[in-house]
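As stored in run_31.cif (mmCIF, C-alpha atoms):
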data_model
loop_
_atom_site.group_PDB
_atom_site.id
_atom_site.type_symbol
_atom_site.label_atom_id
_atom_site.label_comp_id
_atom_site.auth_asym_id
_atom_site.auth_seq_id
_atom_site.Cartn_x
_atom_site.Cartn_y
_atom_site.Cartn_z
ATOM 1 C CA MET A 1 24.159 4.053 -38.158
ATOM 2 C CA THR A 2 27.350 5.427 -39.670
ATOM 3 C CA ALA A 3 30.306 3.194 -40.428
ATOM 4 C CA THR A 4 32.323 4.902 -37.666
ATOM 5 C CA ASP A 5 30.034 3.757 -34.853
ATOM 6 C CA THR A 6 32.413 2.998 -31.985
ATOM 7 C CA VAL A 7 32.367 3.221 -28.212
ATOM 8 C CA HIS A 8 34.798 6.120 -28.497
ATOM 9 C CA GLY A 9 32.427 7.848 -30.894
ATOM 10 C CA ARG A 10 29.538 7.341 -28.488
ATOM 11 C CA ILE A 11 31.538 8.920 -25.648
ATOM 12 C CA GLU A 12 32.383 11.887 -27.879
ATOM 13 C CA ARG A 13 28.702 12.314 -28.774
ATOM 14 C CA ALA A 14 27.678 12.188 -25.140
ATOM 15 C CA ARG A 15 30.239 14.894 -24.382
ATOM 16 C CA ILE A 16 28.693 17.084 -27.059
ATOM 17 C CA GLU A 17 25.151 16.428 -25.848
ATOM 18 C CA LEU A 18 25.549 16.624 -22.081
ATOM 19 C CA THR A 19 26.873 19.330 -19.788
ATOM 20 C CA PRO A 20 29.038 18.271 -16.803
ATOM 21 C CA THR A 21 26.250 19.475 -14.499
ATOM 22 C CA GLN A 22 23.700 17.194 -16.143
ATOM 23 C CA LEU A 23 26.161 14.327 -15.922
ATOM 24 C CA ALA A 24 26.901 14.919 -12.224
ATOM 25 C CA LEU A 25 23.184 15.287 -11.398
ATOM 26 C CA GLY A 26 22.320 12.109 -13.256
ATOM 27 C CA LEU A 27 25.062 10.115 -11.546
ATOM 28 C CA ALA A 28 24.143 11.475 -8.105
ATOM 29 C CA LEU A 29 20.478 10.567 -8.659
ATOM 30 C CA VAL A 30 21.331 7.024 -9.714
ATOM 31 C CA VAL A 31 23.687 6.421 -6.783
ATOM 32 C CA ALA A 32 21.257 7.927 -4.254
ATOM 33 C CA LEU A 33 18.265 5.937 -5.536
ATOM 34 C CA GLY A 34 20.243 2.723 -5.685
ATOM 35 C CA PHE A 35 21.504 3.187 -2.153
ATOM 36 C CA VAL A 36 18.058 4.007 -0.768
ATOM 37 C CA LEU A 37 16.549 0.980 -2.465
ATOM 38 C CA LEU A 38 19.151 -1.554 -1.425
ATOM 39 C CA PHE A 39 21.113 -0.509 1.638
ATOM 40 C CA VAL A 40 19.606 2.280 3.782
ATOM 41 C CA GLN A 41 19.479 1.269 7.454
ATOM 42 C CA GLU A 42 17.175 3.996 8.813
ATOM 43 C CA PRO A 43 14.380 1.975 10.517
ATOM 44 C CA MET A 44 11.299 3.468 8.789
ATOM 45 C CA VAL A 45 12.759 3.222 5.289
ATOM 46 C CA HIS A 46 14.534 -0.047 6.004
ATOM 47 C CA ASP A 47 11.482 -1.844 7.370
ATOM 48 C CA SER A 48 9.243 -0.522 4.583
ATOM 49 C CA MET A 49 11.585 -2.036 2.012
ATOM 50 C CA HIS A 50 12.003 -5.313 3.890
ATOM 51 C CA ASN A 51 10.083 -7.578 1.506
ATOM 52 C CA PHE A 52 11.535 -5.812 -1.495
ATOM 53 C CA ARG A 53 15.095 -6.515 -0.359
ATOM 54 C CA HIS A 54 14.323 -10.159 0.253
ATOM 55 C CA ALA A 55 12.661 -10.413 -3.167
ATOM 56 C CA VAL A 56 15.736 -8.894 -4.821
ATOM 57 C CA GLY A 57 17.997 -11.146 -2.779
ATOM 58 C CA VAL A 58 19.830 -8.395 -0.880
ATOM 59 C CA THR A 59 19.878 -9.113 2.832
ATOM 60 C CA CYS A 60 22.003 -6.487 4.516
ATOM 61 C CA HIS A 61 20.379 -6.348 7.894
ATOM 62 C CA MET B 1 20.672 10.727 -28.794
ATOM 63 C CA PHE B 2 21.888 9.925 -25.273
ATOM 64 C CA VAL B 3 18.688 11.275 -23.750
ATOM 65 C CA GLU B 4 16.574 9.243 -26.201
ATOM 66 C CA TYR B 5 18.483 6.101 -25.264
ATOM 67 C CA VAL B 6 18.038 6.707 -21.522
ATOM 68 C CA THR B 7 14.333 7.433 -22.029
ATOM 69 C CA ARG B 8 13.917 4.213 -23.996
ATOM 70 C CA GLY B 9 15.821 2.325 -21.295
ATOM 71 C CA ALA B 10 13.595 3.800 -18.598
ATOM 72 C CA LYS B 11 10.486 2.740 -20.576
ATOM 73 C CA ALA B 12 11.789 -0.820 -20.799
ATOM 74 C CA GLY B 13 12.610 -0.514 -17.094
ATOM 75 C CA LEU B 14 9.030 0.465 -16.326
ATOM 76 C CA VAL B 15 7.780 -2.696 -18.046
ATOM 77 C CA GLY B 16 10.339 -4.844 -16.184
ATOM 78 C CA GLY B 17 9.607 -2.978 -12.958
ATOM 79 C CA VAL B 18 5.850 -3.526 -13.192
ATOM 80 C CA ALA B 19 6.512 -7.220 -13.836
ATOM 81 C CA PHE B 20 8.834 -7.367 -10.845
ATOM 82 C CA GLY B 21 6.373 -5.394 -8.717
ATOM 83 C CA LEU B 22 3.737 -8.002 -9.579
ATOM 84 C CA PHE B 23 6.206 -10.719 -8.604
ATOM 85 C CA ILE B 24 6.734 -9.055 -5.215
ATOM 86 C CA ALA B 25 2.993 -8.593 -4.706
ATOM 87 C CA LEU B 26 1.986 -12.110 -5.741
ATOM 88 C CA VAL B 27 5.018 -14.178 -4.697
ATOM 89 C CA GLY B 28 7.505 -12.162 -2.618
ATOM 90 C CA ASN B 29 5.177 -10.659 -0.013
ATOM 91 C CA PRO B 30 3.244 -13.861 0.769
ATOM 92 C CA LEU B 31 6.379 -16.029 0.739
ATOM 93 C CA ILE B 32 8.300 -13.734 3.081
ATOM 94 C CA GLY B 33 5.239 -13.401 5.291
ATOM 95 C CA TYR B 34 5.114 -17.182 5.514
ATOM 96 C CA ALA B 35 8.848 -17.480 6.229
ATOM 97 C CA GLU B 36 8.479 -14.934 9.037
ATOM 98 C CA THR B 37 6.059 -17.218 10.883
ATOM 99 C CA PHE B 38 9.095 -19.363 11.797
ATOM 100 C CA GLU B 39 10.768 -16.510 13.673
ATOM 101 C CA HIS B 40 10.545 -17.013 17.424
ATOM 102 C CA SER B 41 11.616 -13.685 18.893
ATOM 103 C CA HIS B 42 10.834 -10.920 16.493
ATOM 104 C CA GLU B 43 11.398 -7.225 17.145
ATOM 105 C CA ALA B 44 8.363 -5.215 16.076
ATOM 106 C CA PRO B 45 9.123 -3.492 12.744
ATOM 107 C CA ALA B 46 8.941 0.317 12.563
ATOM 108 C CA VAL B 47 6.062 0.193 10.071
ATOM 109 C CA SER B 48 2.987 -1.958 9.569
ATOM 110 C CA GLY B 49 2.926 -5.020 7.346
ATOM 111 C CA THR B 50 0.677 -3.285 4.840
ATOM 112 C CA VAL B 51 3.119 -0.382 4.468
ATOM 113 C CA THR B 52 5.974 -2.857 3.927
ATOM 114 C CA ALA B 53 3.959 -4.749 1.314
ATOM 115 C CA VAL B 54 2.960 -1.613 -0.621
ATOM 116 C CA VAL B 55 6.346 0.146 -0.402
ATOM 117 C CA SER B 56 8.116 -3.054 -1.419
ATOM 118 C CA VAL B 57 5.983 -3.359 -4.558
ATOM 119 C CA ALA B 58 6.668 0.312 -5.365
ATOM 120 C CA GLY B 59 10.364 -0.377 -4.747
ATOM 121 C CA GLY B 60 10.243 -3.148 -7.328
ATOM 122 C CA VAL B 61 8.805 -0.782 -9.946
ATOM 123 C CA LEU B 62 11.356 1.898 -9.061
ATOM 124 C CA LEU B 63 14.252 -0.568 -9.265
ATOM 125 C CA GLY B 64 13.055 -1.518 -12.740
ATOM 126 C CA VAL B 65 13.029 2.088 -13.934
ATOM 127 C CA LEU B 66 16.441 2.750 -12.333
ATOM 128 C CA LEU B 67 18.136 -0.320 -13.820
ATOM 129 C CA GLY B 68 16.372 0.235 -17.134
ATOM 130 C CA ALA B 69 17.694 3.805 -17.367
ATOM 131 C CA VAL B 70 21.216 2.857 -16.236
ATOM 132 C CA VAL B 71 21.743 -0.495 -17.966
ATOM 133 C CA PHE B 72 19.464 -0.325 -21.014
ATOM 134 C CA GLY B 73 19.762 3.460 -21.324
ATOM 135 C CA ALA B 74 23.276 4.661 -20.517
ATOM 136 C CA ALA B 75 25.241 1.397 -20.697
ATOM 137 C CA TYR B 76 23.485 0.318 -23.912
ATOM 138 C CA TYR B 77 24.201 3.712 -25.451
ATOM 139 C CA PHE B 78 27.939 3.394 -24.865
ATOM 140 C CA LEU B 79 28.276 -0.338 -25.510
ATOM 141 C CA GLU B 80 25.921 -0.796 -28.473
ATOM 142 C CA PRO B 81 28.765 -0.691 -31.041
ATOM 143 C CA VAL B 82 30.659 -3.530 -29.320
ATOM 144 C CA LEU B 83 27.857 -5.714 -27.921
ATOM 145 C CA ALA B 84 27.784 -9.177 -29.462
ATOM 146 C CA GLY B 85 24.563 -9.449 -31.429
ATOM 147 C CA TRP B 86 25.280 -12.198 -33.973
ATOM 148 C CA GLY B 87 23.562 -10.069 -36.566
ATOM 149 C CA SER B 88 20.443 -9.588 -34.460
ATOM 150 C CA VAL B 89 19.514 -6.401 -32.651
ATOM 151 C CA ASP B 90 17.442 -8.363 -30.116
ATOM 152 C CA ALA B 91 20.433 -10.439 -29.021
ATOM 153 C CA LYS B 92 22.256 -7.291 -27.896
ATOM 154 C CA SER B 93 19.482 -6.538 -25.412
ATOM 155 C CA TYR B 94 19.617 -10.074 -24.025
ATOM 156 C CA VAL B 95 23.430 -10.065 -23.759
ATOM 157 C CA LEU B 96 23.225 -6.808 -21.822
ATOM 158 C CA GLY B 97 20.394 -8.195 -19.679
ATOM 159 C CA GLY B 98 22.555 -11.194 -18.798
ATOM 160 C CA ALA B 99 25.448 -8.925 -17.891
ATOM 161 C CA GLY B 100 23.069 -6.824 -15.795
ATOM 162 C CA PHE B 101 21.870 -9.864 -13.881
ATOM 163 C CA ILE B 102 25.441 -11.057 -13.249
ATOM 164 C CA THR B 103 26.491 -7.591 -12.067
ATOM 165 C CA VAL B 104 23.555 -6.679 -9.866
ATOM 166 C CA SER B 105 22.649 -10.106 -8.458
ATOM 167 C CA GLY B 106 24.731 -13.028 -9.669
ATOM 168 C CA ALA B 107 28.180 -11.882 -8.594
ATOM 169 C CA PRO B 108 27.159 -10.577 -5.118
ATOM 170 C CA TRP B 109 25.219 -13.809 -4.508
ATOM 171 C CA VAL B 110 28.484 -15.755 -4.819
ATOM 172 C CA VAL B 111 29.442 -14.209 -1.467
ATOM 173 C CA PHE B 112 25.995 -13.488 0.019
ATOM 174 C CA PRO B 113 23.277 -15.742 -1.399
ATOM 175 C CA PRO B 114 19.655 -14.641 -0.830
ATOM 176 C CA GLN B 115 18.473 -15.379 2.707
ATOM 177 C CA PRO B 116 14.996 -15.809 4.178
ATOM 178 C CA PRO B 117 13.926 -13.407 6.946
ATOM 179 C CA GLY B 118 15.038 -13.999 10.512
ATOM 180 C CA VAL B 119 18.496 -15.207 9.521
ATOM 181 C CA GLU B 120 21.463 -14.146 11.647
ATOM 182 C CA GLN B 121 24.638 -13.487 9.673
ATOM 183 C CA SER B 122 28.063 -13.402 11.325
ATOM 184 C CA LEU B 123 29.534 -10.475 9.355
ATOM 185 C CA PRO B 124 28.475 -6.960 10.433
ATOM 186 C CA VAL B 125 26.117 -5.034 8.146
ATOM 187 C CA ASP B 126 28.644 -2.424 6.956
ATOM 188 C CA VAL B 127 31.158 -5.129 5.972
ATOM 189 C CA ARG B 128 28.448 -6.927 4.033
ATOM 190 C CA ILE B 129 27.351 -3.740 2.232
ATOM 191 C CA ALA B 130 30.963 -3.016 1.268
ATOM 192 C CA TRP B 131 31.475 -6.554 -0.045
ATOM 193 C CA TYR B 132 28.133 -6.495 -1.851
ATOM 194 C CA ALA B 133 29.130 -3.296 -3.647
ATOM 195 C CA LEU B 134 32.594 -4.681 -4.363
ATOM 196 C CA MET B 135 31.136 -7.852 -5.875
ATOM 197 C CA MET B 136 28.873 -5.748 -8.101
ATOM 198 C CA GLY B 137 32.007 -4.020 -9.363
ATOM 199 C CA VAL B 138 33.730 -7.376 -9.875
ATOM 200 C CA GLY B 139 30.658 -8.642 -11.760
ATOM 201 C CA ALA B 140 30.644 -5.613 -14.079
ATOM 202 C CA LEU B 141 34.386 -5.925 -14.721
ATOM 203 C CA ALA B 142 34.131 -9.665 -15.379
ATOM 204 C CA CYS B 143 31.307 -9.076 -17.893
ATOM 205 C CA GLY B 144 33.371 -6.379 -19.589
ATOM 206 C CA LEU B 145 36.374 -8.703 -19.684
ATOM 207 C CA ALA B 146 34.227 -11.514 -21.096
ATOM 208 C CA GLY B 147 32.994 -9.220 -23.880
ATOM 209 C CA TYR B 148 36.519 -8.038 -24.658
ATOM 210 C CA VAL B 149 37.949 -11.579 -24.715
ATOM 211 C CA TYR B 150 35.057 -12.721 -26.907
ATOM 212 C CA ARG B 151 35.709 -10.000 -29.474
ATOM 213 C CA GLN B 152 39.461 -10.561 -29.500
ATOM 214 C CA LEU B 153 39.130 -14.331 -29.967
ATOM 215 C CA ARG B 154 36.463 -13.954 -32.652
ATOM 216 C CA ARG B 155 38.779 -11.645 -34.545
ATOM 217 C CA ARG B 156 41.762 -13.991 -34.228
ATOM 218 C CA PHE B 157 40.061 -17.274 -35.139
ATOM 219 C CA ASP B 158 37.764 -16.033 -37.929
ATOM 220 C CA ASP B 159 34.856 -18.268 -38.960
ATOM 221 C CA ARG B 160 35.102 -21.184 -36.561
ATOM 222 C CA GLY B 161 36.177 -18.963 -33.701
ATOM 223 C CA TRP B 162 32.882 -18.690 -31.911
ATOM 224 C CA VAL B 163 33.394 -21.861 -29.833
ATOM 225 C CA VAL B 164 36.846 -20.710 -28.699
ATOM 226 C CA ALA B 165 35.493 -17.223 -28.142
ATOM 227 C CA ALA B 166 32.513 -18.451 -26.113
ATOM 228 C CA LEU B 167 34.800 -20.603 -23.954
ATOM 229 C CA GLY B 168 37.100 -17.618 -23.449
ATOM 230 C CA ALA B 169 34.151 -15.448 -22.400
ATOM 231 C CA ILE B 170 32.906 -18.064 -19.929
ATOM 232 C CA ALA B 171 36.432 -18.484 -18.531
ATOM 233 C CA SER B 172 36.581 -14.705 -17.987
ATOM 234 C CA LEU B 173 33.495 -14.915 -15.784
ATOM 235 C CA GLY B 174 35.543 -17.285 -13.590
ATOM 236 C CA VAL B 175 37.069 -14.158 -12.074
ATOM 237 C CA ILE B 176 33.865 -13.784 -10.012
ATOM 238 C CA PRO B 177 34.116 -17.044 -7.985
ATOM 239 C CA MET B 178 37.877 -16.463 -7.653
ATOM 240 C CA VAL B 179 37.240 -13.152 -5.880
ATOM 241 C CA GLY B 180 34.434 -14.863 -3.953
ATOM 242 C CA VAL B 181 36.979 -17.260 -2.448
ATOM 243 C CA VAL B 182 38.927 -14.317 -0.997
ATOM 244 C CA ALA B 183 35.809 -12.834 0.640
ATOM 245 C CA PRO B 184 35.464 -13.270 4.417
ATOM 246 C CA ALA B 185 33.345 -16.210 5.545
ATOM 247 C CA ASN B 186 29.787 -15.322 6.556
ATOM 248 C CA SER B 187 28.201 -18.035 8.667
ATOM 249 C CA VAL B 188 24.415 -18.092 8.686
ATOM 250 C CA THR B 189 21.969 -19.372 11.274
ATOM 251 C CA GLY B 190 18.222 -19.154 10.827
ATOM 252 C CA PRO B 191 14.962 -20.396 12.278
ATOM 253 C CA LEU B 192 13.702 -21.875 9.015
ATOM 254 C CA PRO B 193 13.628 -25.621 8.284
ATOM 255 C CA THR B 194 16.738 -26.366 6.203
ATOM 256 C CA GLU B 195 14.673 -27.766 3.312
ATOM 257 C CA LEU B 196 12.829 -24.468 2.942
ATOM 258 C CA VAL B 197 15.927 -22.248 2.532
ATOM 259 C CA PRO B 198 16.912 -23.474 -0.974
ATOM 260 C CA VAL B 199 13.281 -23.078 -2.084
ATOM 261 C CA ILE B 200 13.249 -19.416 -1.064
ATOM 262 C CA GLN B 201 16.653 -18.887 -2.695
ATOM 263 C CA ALA B 202 15.437 -20.516 -5.914
ATOM 264 C CA VAL B 203 12.262 -18.413 -5.978
ATOM 265 C CA THR B 204 14.371 -15.280 -5.457
ATOM 266 C CA ALA B 205 16.759 -16.275 -8.250
ATOM 267 C CA VAL B 206 13.905 -17.068 -10.639
ATOM 268 C CA GLY B 207 12.343 -13.707 -9.783
ATOM 269 C CA GLN B 208 15.531 -11.829 -10.651
ATOM 270 C CA ILE B 209 16.177 -13.800 -13.843
ATOM 271 C CA GLY B 210 12.572 -13.255 -14.900
ATOM 272 C CA PHE B 211 12.887 -9.551 -14.140
ATOM 273 C CA TRP B 212 15.973 -9.172 -16.372
ATOM 274 C CA PHE B 213 14.332 -11.292 -19.075
ATOM 275 C CA VAL B 214 11.228 -9.083 -19.191
ATOM 276 C CA LEU B 215 13.443 -5.972 -19.100
ATOM 277 C CA ALA B 216 15.577 -7.194 -22.020
ATOM 278 C CA THR B 217 12.533 -8.326 -24.007
ATOM 279 C CA ALA B 218 10.791 -4.967 -23.539
ATOM 280 C CA HIS B 219 13.990 -3.179 -24.546
ATOM 281 C CA ALA B 220 14.484 -5.360 -27.636
ATOM 282 C CA TRP B 221 10.899 -4.633 -28.641
ATOM 283 C CA LEU B 222 11.339 -0.872 -28.186
ATOM 284 C CA VAL B 223 14.614 -0.892 -30.166
ATOM 285 C CA ARG B 224 12.995 -2.841 -32.990
ATOM 286 C CA ARG B 225 10.029 -0.486 -33.047
ATOM 287 C CA GLU B 226 12.208 2.648 -33.214
ATOM 288 C CA GLU B 227 14.845 1.245 -35.540
ATOM 289 C CA PRO B 228 13.888 2.943 -38.815
ATOM 290 C CA VAL B 229 13.761 6.358 -37.110
ATOM 291 C CA SER B 230 17.386 6.496 -35.901
ATOM 292 C CA GLY B 231 20.171 6.853 -38.398
ATOM 293 C CA PRO B 232 22.123 9.436 -40.395
ATOM 294 C CA SER B 233 19.259 11.945 -40.141
ATOM 295 C CA ASP B 234 20.458 12.670 -36.587
ATOM 296 C CA PRO B 235 22.229 16.090 -36.602
ATOM 297 C CA ILE B 236 25.258 15.093 -34.487
ATOM 298 C CA ASP B 237 25.654 11.890 -36.472
ATOM 299 C CA ALA B 238 25.685 13.897 -39.681
ATOM 300 C CA SER B 239 28.239 16.422 -38.391
ATOM 301 C CA MET B 240 30.527 13.687 -37.062
ATOM 302 C CA ALA B 241 30.327 11.838 -40.372
ATOM 303 C CA THR B 242 31.450 14.930 -42.282
ATOM 304 C CA ASP B 243 34.258 15.645 -39.776
ATOM 305 C CA SER B 244 36.009 12.341 -40.370
#

For this file, write the structure as structure tokens.
Amino acid sequence: MTATDTVHGRIERARIELTPTQLALGLALVVALGFVLLFVQEPMVHDSMHNFRHAVGVTCH
Amino acid sequence: MFVEYVTRGAKAGLVGGVAFGLFIALVGNPLIGYAETFEHSHEAPAVSGTVTAVVSVAGGVLLGVLLGAVVFGAAYYFLEPVLAGWGSVDAKSYVLGGAGFITVSGAPWVVFPPQPPGVEQSLPVDVRIAWYALMMGVGALACGLAGYVYRQLRRRFDDRGWVVAALGAIASLGVIPMVGVVAPANSVTGPLPTELVPVIQAVTAVGQIGFWFVLATAHAWLVRREEPVSGPSDPIDASMATDS
């Protein structure tokens, strides 16, 4: 690592490496997956994930 | 470099996810199945028990990959320069794992602790989802604050500062129960014997702590293994070093 390894530097590097489209797609994917796993109320999905939610400790139903 | 970090995080996540999937298969599914036998009136679920068991195990693996990519990929990438490591690369992974546990599970549990199946909760579902998400945000902010306070105090008190700094960091986490006090009350009634509820909560908590521990350990191992490869040979690193 270089001596100038800072959080700011990391953000700058990420801005060089990633396009805004990649960033938006990545964020959308993460939010969507997280929501499906933990909170979706649609009966088929919700009931399939029932044990999983209890095992994680999320009980939103 | 960002992509490499996220890939490495996702690999660690796969290891943690498989471990957590095994936990669901061997502990979660049978335990919840047992707890359900106490339910008197039970609406028929939309899918069969086998589907629930299999999808839940797959969900555990997927959650591992997701959290691995987000926490040990993206968050580690940005926070690596400031994470407390006490001179050890491994410690950084475990500090981040602890923060991940507090954010994803610990802080929301202050308001909504894990519940066995069949429990009726007084708050409506959408209110609980909103508060769950809010508490995750509070958990992340409190962990960030703790890290910031720790660094500031370490800097101010030099050599013997770590005790003061550690106390400051722990005090910062006190923000979480303080917000928890403001949260609306959620009264809970369930068919289970009262002695059984804490057991299920403890098993759930141990499962989550174990999950984050495996995740952090796998990540620390991957970082250690790749360590000699990363460095000034990286093209962006080299260009940024010459710029400044």

Practice item. Please report as a ChimeraX atom specification which residues of chain B come no farther than 8 Å from chain A, using only C-alpha atoms. Key: /B:1-2,24,28-29,32,45-47,51-53,55-57,59-60,63,66,70,77-82,105,109,113-117,125,128-129,201,204-205,207-208,230-232,236-237,241

Practice item. Provide the CA of Thr217 (chain B) to CA of Ala166 (chain B) distance in Å, to one decimal place. Key: 22.5 Å

Check your understanding: In Å to one decimal, how far is CA of Ala84 (chain B) from CA of Arg156 (chain B)?
Key -> 15.5 Å

Revision key, fill the gap. Between CA of Lys11 (chain B) and CA of Thr19 (chain A) lies a distance of 23.3 Å

Point to revise | Selection dump of the PyMOL selection byres ((chain B and resi 139) around 7), as a list in words | key: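 On the file shown, the PyMOL selection byres ((chain B and resi 139) around 7) covers Ile102, Thr103, Ala107, Met135, Met136, Gly137, Val138, Ala140, Leu141, Ala142, Cys143 and Ile176 of chain B.
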
Review point. Given the file above and the PyMOL selection byres ((chain B and resi 6) around 6), which residues are selected, and can you give them as JSON, numbers by chain?
Key: {"B": [3, 4, 5, 7, 8, 9, 69, 73, 74]}

Point to revise | Nearest to Leu14 (chain B), chosen from B:Leu215, B:Ala165, B:Leu192, B:Ala75, with all atoms listed in the file counted in the distances | key: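 Under the stated criterion, the closest residue is B:Leu215.
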
Practice item. Show which residues sit within 12 Å of Pro193 (chain B), as a list in words. Count all atoms listed in the file, and ignore same-chain residues fewer than 5 positions away. Key: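 So, after excluding close chain neighbours, the residues are Ala35, Glu36, Thr37, Phe38, Glu39, Pro116, Gly118, Val119, Pro198, Val199 and Ile200 of chain B.
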
Just give me the residues with any atom within 7 Å of (14.1, -4.4, -21.0), file coordinates, counting all atoms listed in the file, written as a CSV table (one decimal) with C-alpha atoms, in the frame of the given file.
chain,number,residue,atom,x,y,z
B,9,GLY,CA,15.8,2.3,-21.3
B,12,ALA,CA,11.8,-0.8,-20.8
B,13,GLY,CA,12.6,-0.5,-17.1
B,16,GLY,CA,10.3,-4.8,-16.2
B,68,GLY,CA,16.4,0.2,-17.1
B,72,PHE,CA,19.5,-0.3,-21.0
B,212,TRP,CA,16.0,-9.2,-16.4
B,214,VAL,CA,11.2,-9.1,-19.2
B,215,LEU,CA,13.4,-6.0,-19.1
B,216,ALA,CA,15.6,-7.2,-22.0
B,217,THR,CA,12.5,-8.3,-24.0
B,218,ALA,CA,10.8,-5.0,-23.5
B,219,HIS,CA,14.0,-3.2,-24.5
B,220,ALA,CA,14.5,-5.4,-27.6

Quick check on the file I pasted: which residues fall under the PyMOL selection byres ((chain B and resi 90) around 9)? Write them as a compact mmCIF listing (two decimals) with C-alpha atoms, in the coordinates of the input.
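Written file, result_25.txt:
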# COMPACT_ATOMS: atom_id res chain seq x y z
CA GLY B 85 24.56 -9.45 -31.43
CA SER B 88 20.44 -9.59 -34.46
CA VAL B 89 19.51 -6.40 -32.65
CA ALA B 91 20.43 -10.44 -29.02
CA LYS B 92 22.26 -7.29 -27.90
CA SER B 93 19.48 -6.54 -25.41
CA TYR B 94 19.62 -10.07 -24.02
CA VAL B 95 23.43 -10.06 -23.76
CA ALA B 216 15.58 -7.19 -22.02
CA THR B 217 12.53 -8.33 -24.01
CA HIS B 219 13.99 -3.18 -24.55
CA ALA B 220 14.48 -5.36 -27.64
CA TRP B 221 10.90 -4.63 -28.64
CA VAL B 223 14.61 -0.89 -30.17
CA ARG B 224 13.00 -2.84 -32.99
